[in-house]
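Trainee: Input entry_1.pdb, format and content: PDB, C-alpha atoms, pLDDT in the B column.
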```
ATOM      1  CA  MET A   1      31.187  36.107 -32.934  1.00 93.00           C
ATOM      2  CA  ASN A   2      31.575  33.982 -29.777  1.00 95.00           C
ATOM      3  CA  ILE A   3      28.211  35.235 -28.461  1.00 95.00           C
ATOM      4  CA  LEU A   4      26.531  34.192 -31.712  1.00 96.00           C
ATOM      5  CA  LEU A   5      28.184  30.754 -31.665  1.00 97.00           C
ATOM      6  CA  GLY A   6      27.299  30.261 -27.993  1.00 97.00           C
ATOM      7  CA  ASN A   7      23.661  31.153 -28.615  1.00 96.00           C
ATOM      8  CA  THR A   8      23.556  28.813 -31.626  1.00 97.00           C
ATOM      9  CA  VAL A   9      24.786  25.908 -29.498  1.00 98.00           C
ATOM     10  CA  SER A  10      22.281  26.935 -26.787  1.00 97.00           C
ATOM     11  CA  LEU A  11      19.518  26.670 -29.376  1.00 95.00           C
ATOM     12  CA  ALA A  12      20.544  23.065 -30.034  1.00 97.00           C
ATOM     13  CA  ALA A  13      20.612  22.467 -26.263  1.00 96.00           C
ATOM     14  CA  ALA A  14      17.096  23.920 -26.047  1.00 92.00           C
ATOM     15  CA  CYS A  15      15.917  21.224 -28.466  1.00 92.00           C
ATOM     16  CA  PHE A  16      17.118  18.602 -25.981  1.00 89.00           C
ATOM     17  CA  THR A  17      15.317  20.488 -23.194  1.00 85.00           C
ATOM     18  CA  PHE A  18      12.092  20.415 -25.182  1.00 83.00           C
ATOM     19  CA  ALA A  19      12.595  16.725 -26.046  1.00 84.00           C
ATOM     20  CA  SER A  20      13.080  15.996 -22.355  1.00 80.00           C
ATOM     21  CA  SER A  21       9.911  17.882 -21.500  1.00 74.00           C
ATOM     22  CA  TRP A  22       7.937  16.053 -24.176  1.00 77.00           C
ATOM     23  CA  SER A  23       9.205  12.546 -23.423  1.00 76.00           C
ATOM     24  CA  ARG A  24       7.206  10.262 -21.162  1.00 76.00           C
ATOM     25  CA  ASP A  25       9.995   7.743 -20.677  1.00 81.00           C
ATOM     26  CA  ARG A  26      11.990   8.457 -17.496  1.00 79.00           C
ATOM     27  CA  ARG A  27      15.242   7.094 -18.927  1.00 88.00           C
ATOM     28  CA  LYS A  28      14.919   9.166 -22.102  1.00 90.00           C
ATOM     29  CA  ILE A  29      14.064  12.272 -20.077  1.00 83.00           C
ATOM     30  CA  TYR A  30      17.361  12.045 -18.210  1.00 87.00           C
ATOM     31  CA  LEU A  31      19.313  11.133 -21.353  1.00 94.00           C
ATOM     32  CA  PHE A  32      17.893  14.170 -23.163  1.00 91.00           C
ATOM     33  CA  GLN A  33      18.834  16.275 -20.133  1.00 90.00           C
ATOM     34  CA  ALA A  34      22.358  14.825 -20.250  1.00 95.00           C
ATOM     35  CA  GLY A  35      22.565  15.841 -23.918  1.00 96.00           C
ATOM     36  CA  GLN A  36      21.316  19.326 -23.049  1.00 94.00           C
ATOM     37  CA  CYS A  37      24.005  19.648 -20.382  1.00 96.00           C
ATOM     38  CA  LEU A  38      26.745  18.509 -22.765  1.00 98.00           C
ATOM     39  CA  LEU A  39      25.692  21.081 -25.363  1.00 98.00           C
ATOM     40  CA  SER A  40      25.376  23.759 -22.688  1.00 97.00           C
ATOM     41  CA  ALA A  41      28.922  22.974 -21.583  1.00 97.00           C
ATOM     42  CA  ILE A  42      30.078  23.590 -25.163  1.00 98.00           C
ATOM     43  CA  ALA A  43      28.056  26.827 -25.318  1.00 97.00           C
ATOM     44  CA  ASN A  44      29.717  28.022 -22.109  1.00 96.00           C
ATOM     45  CA  VAL A  45      33.100  27.674 -23.805  1.00 97.00           C
ATOM     46  CA  PHE A  46      31.968  30.415 -26.208  1.00 97.00           C
ATOM     47  CA  PHE A  47      30.700  32.505 -23.289  1.00 95.00           C
ATOM     48  CA  ALA A  48      34.114  32.153 -21.600  1.00 94.00           C
ATOM     49  CA  SER A  49      32.654  30.668 -18.422  1.00 93.00           C
ATOM     50  CA  ILE A  50      34.849  27.811 -17.258  1.00 93.00           C
ATOM     51  CA  SER A  51      32.783  27.220 -14.104  1.00 90.00           C
ATOM     52  CA  GLY A  52      29.726  26.888 -16.383  1.00 91.00           C
ATOM     53  CA  VAL A  53      31.576  24.314 -18.507  1.00 95.00           C
ATOM     54  CA  THR A  54      32.638  22.206 -15.531  1.00 95.00           C
ATOM     55  CA  THR A  55      29.254  22.471 -13.837  1.00 94.00           C
ATOM     56  CA  PHE A  56      27.364  21.394 -16.973  1.00 96.00           C
ATOM     57  CA  LEU A  57      29.722  18.463 -17.514  1.00 97.00           C
ATOM     58  CA  LEU A  58      29.065  17.244 -13.972  1.00 96.00           C
ATOM     59  CA  CYS A  59      25.319  17.795 -14.474  1.00 95.00           C
ATOM     60  CA  ALA A  60      25.523  15.633 -17.601  1.00 97.00           C
ATOM     61  CA  LEU A  61      27.156  12.892 -15.521  1.00 96.00           C
ATOM     62  CA  ARG A  62      24.459  13.240 -12.838  1.00 92.00           C
ATOM     63  CA  ASN A  63      21.687  12.958 -15.435  1.00 91.00           C
ATOM     64  CA  PHE A  64      23.356   9.980 -17.098  1.00 95.00           C
ATOM     65  CA  LEU A  65      23.560   8.248 -13.702  1.00 94.00           C
ATOM     66  CA  LEU A  66      19.889   9.067 -13.103  1.00 86.00           C
ATOM     67  CA  ALA A  67      18.987   7.567 -16.500  1.00 89.00           C
ATOM     68  CA  ARG A  68      20.821   4.369 -15.555  1.00 94.00           C
ATOM     69  CA  ASP A  69      19.397   4.287 -11.990  1.00 89.00           C
ATOM     70  CA  ARG A  70      22.935   4.615 -10.636  1.00 93.00           C
ATOM     71  CA  LEU A  71      22.677   7.887  -8.671  1.00 89.00           C
ATOM     72  CA  THR A  72      22.925   6.949  -5.009  1.00 90.00           C
ATOM     73  CA  GLY A  73      23.086   9.295  -2.049  1.00 93.00           C
ATOM     74  CA  GLY A  74      26.840   8.847  -1.851  1.00 95.00           C
ATOM     75  CA  ARG A  75      27.341   9.524  -5.555  1.00 95.00           C
ATOM     76  CA  CYS A  76      25.118  12.590  -5.335  1.00 94.00           C
ATOM     77  CA  CYS A  77      27.166  13.946  -2.426  1.00 94.00           C
ATOM     78  CA  LEU A  78      30.371  13.218  -4.351  1.00 97.00           C
ATOM     79  CA  LEU A  79      29.040  15.064  -7.412  1.00 96.00           C
ATOM     80  CA  VAL A  80      28.011  18.037  -5.272  1.00 96.00           C
ATOM     81  CA  ALA A  81      31.488  18.110  -3.716  1.00 97.00           C
ATOM     82  CA  LEU A  82      33.073  17.922  -7.182  1.00 97.00           C
ATOM     83  CA  VAL A  83      30.817  20.707  -8.455  1.00 95.00           C
ATOM     84  CA  ALA A  84      31.836  22.881  -5.509  1.00 95.00           C
ATOM     85  CA  VAL A  85      35.572  22.179  -5.625  1.00 96.00           C
ATOM     86  CA  ILE A  86      36.032  22.148  -9.401  1.00 96.00           C
ATOM     87  CA  GLY A  87      33.538  24.969  -9.962  1.00 93.00           C
ATOM     88  CA  ILE A  88      35.262  27.258  -7.474  1.00 95.00           C
ATOM     89  CA  TRP A  89      38.700  26.291  -8.783  1.00 95.00           C
ATOM     90  CA  ALA A  90      37.647  26.881 -12.408  1.00 94.00           C
ATOM     91  CA  ASN A  91      35.764  30.107 -11.699  1.00 94.00           C
ATOM     92  CA  ASN A  92      36.976  32.873 -13.996  1.00 93.00           C
ATOM     93  CA  ARG A  93      33.936  35.129 -13.617  1.00 93.00           C
ATOM     94  CA  GLY A  94      34.028  36.249  -9.983  1.00 94.00           C
ATOM     95  CA  THR A  95      30.719  36.209  -8.130  1.00 95.00           C
ATOM     96  CA  LEU A  96      28.831  35.471 -11.352  1.00 95.00           C
ATOM     97  CA  GLY A  97      30.915  32.328 -11.894  1.00 93.00           C
ATOM     98  CA  LEU A  98      29.789  31.015  -8.515  1.00 95.00           C
ATOM     99  CA  LEU A  99      26.131  31.055  -9.576  1.00 95.00           C
ATOM    100  CA  PRO A 100      26.273  27.785 -11.601  1.00 94.00           C
ATOM    101  CA  VAL A 101      28.119  26.125  -8.719  1.00 94.00           C
ATOM    102  CA  ILE A 102      25.610  27.230  -6.069  1.00 95.00           C
ATOM    103  CA  THR A 103      22.634  26.522  -8.314  1.00 95.00           C
ATOM    104  CA  THR A 104      23.753  23.008  -9.227  1.00 94.00           C
ATOM    105  CA  ALA A 105      24.857  22.036  -5.722  1.00 94.00           C
ATOM    106  CA  GLY A 106      21.594  23.239  -4.198  1.00 94.00           C
ATOM    107  CA  TYR A 107      19.413  21.652  -6.876  1.00 89.00           C
ATOM    108  CA  SER A 108      21.217  18.311  -6.610  1.00 91.00           C
ATOM    109  CA  MET A 109      20.925  18.145  -2.823  1.00 89.00           C
ATOM    110  CA  VAL A 110      17.236  19.035  -2.847  1.00 88.00           C
ATOM    111  CA  CYS A 111      16.661  16.381  -5.555  1.00 81.00           C
ATOM    112  CA  LEU A 112      18.105  13.806  -3.190  1.00 79.00           C
ATOM    113  CA  TYR A 113      15.538  14.588  -0.475  1.00 82.00           C
ATOM    114  CA  ALA A 114      12.507  16.040  -2.270  1.00 78.00           C
ATOM    115  CA  LYS A 115       9.647  13.580  -2.527  1.00 75.00           C
ATOM    116  CA  ARG A 116       6.530  15.745  -2.785  1.00 78.00           C
ATOM    117  CA  THR A 117       5.594  17.111  -6.195  1.00 76.00           C
ATOM    118  CA  GLU A 118       5.273  20.649  -4.838  1.00 83.00           C
ATOM    119  CA  THR A 119       8.796  20.538  -3.390  1.00 85.00           C
ATOM    120  CA  ILE A 120      10.227  19.149  -6.621  1.00 80.00           C
ATOM    121  CA  LYS A 121       8.473  21.850  -8.667  1.00 81.00           C
ATOM    122  CA  LEU A 122       9.697  24.625  -6.354  1.00 90.00           C
ATOM    123  CA  ASN A 123      13.226  23.245  -6.641  1.00 87.00           C
ATOM    124  CA  ILE A 124      12.906  23.378 -10.433  1.00 85.00           C
ATOM    125  CA  VAL A 125      11.578  26.964 -10.305  1.00 89.00           C
ATOM    126  CA  VAL A 126      14.465  28.143  -8.118  1.00 94.00           C
ATOM    127  CA  ASN A 127      17.006  26.255 -10.249  1.00 91.00           C
ATOM    128  CA  LEU A 128      15.729  27.629 -13.567  1.00 90.00           C
ATOM    129  CA  THR A 129      15.408  31.157 -12.195  1.00 95.00           C
ATOM    130  CA  LEU A 130      19.022  31.164 -10.996  1.00 97.00           C
ATOM    131  CA  TRP A 131      20.187  29.733 -14.328  1.00 95.00           C
ATOM    132  CA  ALA A 132      18.176  32.431 -16.157  1.00 96.00           C
ATOM    133  CA  VAL A 133      19.964  35.145 -14.163  1.00 97.00           C
ATOM    134  CA  TYR A 134      23.308  33.565 -15.052  1.00 96.00           C
ATOM    135  CA  ASP A 135      22.277  33.187 -18.716  1.00 96.00           C
ATOM    136  CA  TRP A 136      21.384  36.879 -18.931  1.00 97.00           C
ATOM    137  CA  PHE A 137      24.712  38.056 -17.579  1.00 97.00           C
ATOM    138  CA  ILE A 138      26.802  35.815 -19.853  1.00 95.00           C
ATOM    139  CA  LEU A 139      24.665  36.941 -22.834  1.00 96.00           C
ATOM    140  CA  ASP A 140      23.190  33.473 -23.488  1.00 96.00           C
ATOM    141  CA  TYR A 141      19.842  34.865 -24.582  1.00 97.00           C
ATOM    142  CA  VAL A 142      18.475  31.596 -25.941  1.00 96.00           C
ATOM    143  CA  ALA A 143      19.056  29.792 -22.630  1.00 96.00           C
ATOM    144  CA  PHE A 144      17.698  32.843 -20.783  1.00 97.00           C
ATOM    145  CA  ALA A 145      14.427  32.635 -22.726  1.00 97.00           C
ATOM    146  CA  VAL A 146      14.120  28.845 -22.367  1.00 94.00           C
ATOM    147  CA  ASP A 147      14.947  28.862 -18.644  1.00 93.00           C
ATOM    148  CA  SER A 148      12.657  31.833 -17.907  1.00 94.00           C
ATOM    149  CA  VAL A 149       9.666  30.382 -19.733  1.00 92.00           C
ATOM    150  CA  SER A 150      10.292  26.941 -18.212  1.00 88.00           C
ATOM    151  CA  ALA A 151      10.482  28.450 -14.702  1.00 88.00           C
ATOM    152  CA  LEU A 152       7.204  30.304 -15.257  1.00 90.00           C
ATOM    153  CA  LEU A 153       5.507  27.156 -16.551  1.00 87.00           C
ATOM    154  CA  ALA A 154       6.738  25.131 -13.578  1.00 82.00           C
ATOM    155  CA  LEU A 155       5.495  27.858 -11.236  1.00 87.00           C
ATOM    156  CA  ALA A 156       2.127  27.993 -13.005  1.00 85.00           C
ATOM    157  CA  SER A 157       1.817  24.220 -12.762  1.00 81.00           C
ATOM    158  CA  LEU A 158       1.968  24.546  -8.965  1.00 80.00           C
ATOM    159  CA  PHE A 159      -1.296  26.470  -9.066  1.00 83.00           C
ATOM    160  CA  CYS A 160      -3.015  24.350 -11.716  1.00 80.00           C
ATOM    161  CA  ARG A 161      -4.036  21.308  -9.739  1.00 59.00           C
ATOM    162  CA  LYS A 162      -5.020  18.324 -11.822  1.00 58.00           C
ATOM    163  CA  GLU A 163      -5.520  14.782 -10.748  1.00 51.00           C
ATOM    164  CA  TYR A 164      -2.874  12.638 -12.397  1.00 49.00           C
ATOM    165  CA  THR A 165      -3.381   8.966 -12.997  1.00 44.00           C
ATOM    166  CA  ASP A 166      -0.994   6.126 -13.598  1.00 47.00           C
ATOM    167  CA  HIS A 167      -1.153   3.847 -16.642  1.00 49.00           C
ATOM    168  CA  THR A 168      -3.998   1.849 -15.064  1.00 51.00           C
ATOM    169  CA  GLY A 169      -6.232   4.927 -14.856  1.00 51.00           C
ATOM    170  CA  ARG A 170      -6.016   5.123 -11.052  1.00 52.00           C
ATOM    171  CA  PRO A 171      -5.062   8.374  -9.268  1.00 53.00           C
TER     172      PRO A 171
END
```
With the file now loaded, output its structure as structure tokens.
Mentor:
Amino acid sequence: MNILLGNTVSLAAACFTFASSWSRDRRKIYLFQAGQCLLSAIANVFFASISGVTTFLLCALRNFLLARDRLTGGRCCLLVALVAVIGIWANNRGTLGLLPVITTAGYSMVCLYAKRTETIKLNIVVNLTLWAVYDWFILDYVAFAVDSVSALLALASLFCRKEYTDHTGRP
């Protein structure tokens, strides 16, 4: 029953992921991602992964700060430290429970320094792939499918070069 409930909540979280992907407004993108993280934290309660719960809650805070343009280098480092300390402390799944901690800490730090589109996309691919592995092992099949397909699309977009323009029509 818990697996079914967890996957149902993950389906709702997937809707926020899709809304984030569809949105063109930077602030809304990060707010949708914050909503996805909050729902994923709830789903991880059903999957009995406390490190997943704590990690997703801190990811929600990170995304909310990004939406409000309040994520500084110092705050990012503090969040990474909190993810590591709280995630390790709350880990009830052994090596598997460390995966959300490592994934989130690594992704957050690369986000702080990545400026090139290719680097950002590769960071997303690695992040989603690691989350997909975690999703599979905790039986979160909805998140596994969403993360796997999203990782493949991000990877494919690295090889599909298009010239992007800003709102003025300039590259």
Trainee: Nearest residue to A:Ile88 out of A:Asn7, A:Ser40, A:Ser20, A:Ser49, using only C-alpha atoms?
Mentor: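 Selected residue with least distance to A:Ile88: A:Ser49.
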Trainee: Specify as JSON, numbers by chain each residue included when the PyMOL selection byres ((chain A and resi 151) around 8) is applied to this file.
Mentor: {"A": [124, 125, 126, 128, 129, 147, 148, 149, 150, 152, 153, 154, 155]}
Trainee: So the first atom is atom CA of A:Phe159 and the second is atom CA of A:Lys121; what is the distance between them in Å, to one decimal place?
Mentor: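 Taking atom CA of A:Phe159 as the start and atom CA of A:Lys121 as the end point, the length is 10.8 Å.
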Trainee: Spell out the residues picked by the PyMOL selection byres ((chain A and resi 53) around 10) here, as an MDAnalysis selection string.
Mentor: chainID A and resid 37:52 54:59 87 90:91 100
Trainee: What is the atom CA of A:Val146 to atom CA of A:Arg116 distance in Å?
Mentor: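 One can read the atom CA of A:Val146 to atom CA of A:Arg116 distance as 24.8 Å.
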Trainee: How big is the axis-aligned box around the listed atoms of stretch 80-92 of chain A once 3 Å is added on each side, and where is its centre? Give both in Å to one decimal, as lines of an AutoDock Vina configuration file.
Mentor:
```
center_x = 33.4
center_y = 25.4
center_z = -8.9
size_x = 16.7
size_y = 21.0
size_z = 16.3
```
Trainee: The PyMOL selection byres ((chain A and resi 3) around 8) on the file shown: which residues, as a PyMOL selection string?
Mentor: chain A and resi 1-2+4-7+46-47+139-140
Trainee: Work out how far atom CA of A:Leu96 is from atom CA of A:Tyr141, in Å to one decimal.
Mentor: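 Rounded to one decimal, the two atoms are 16.0 Å apart.
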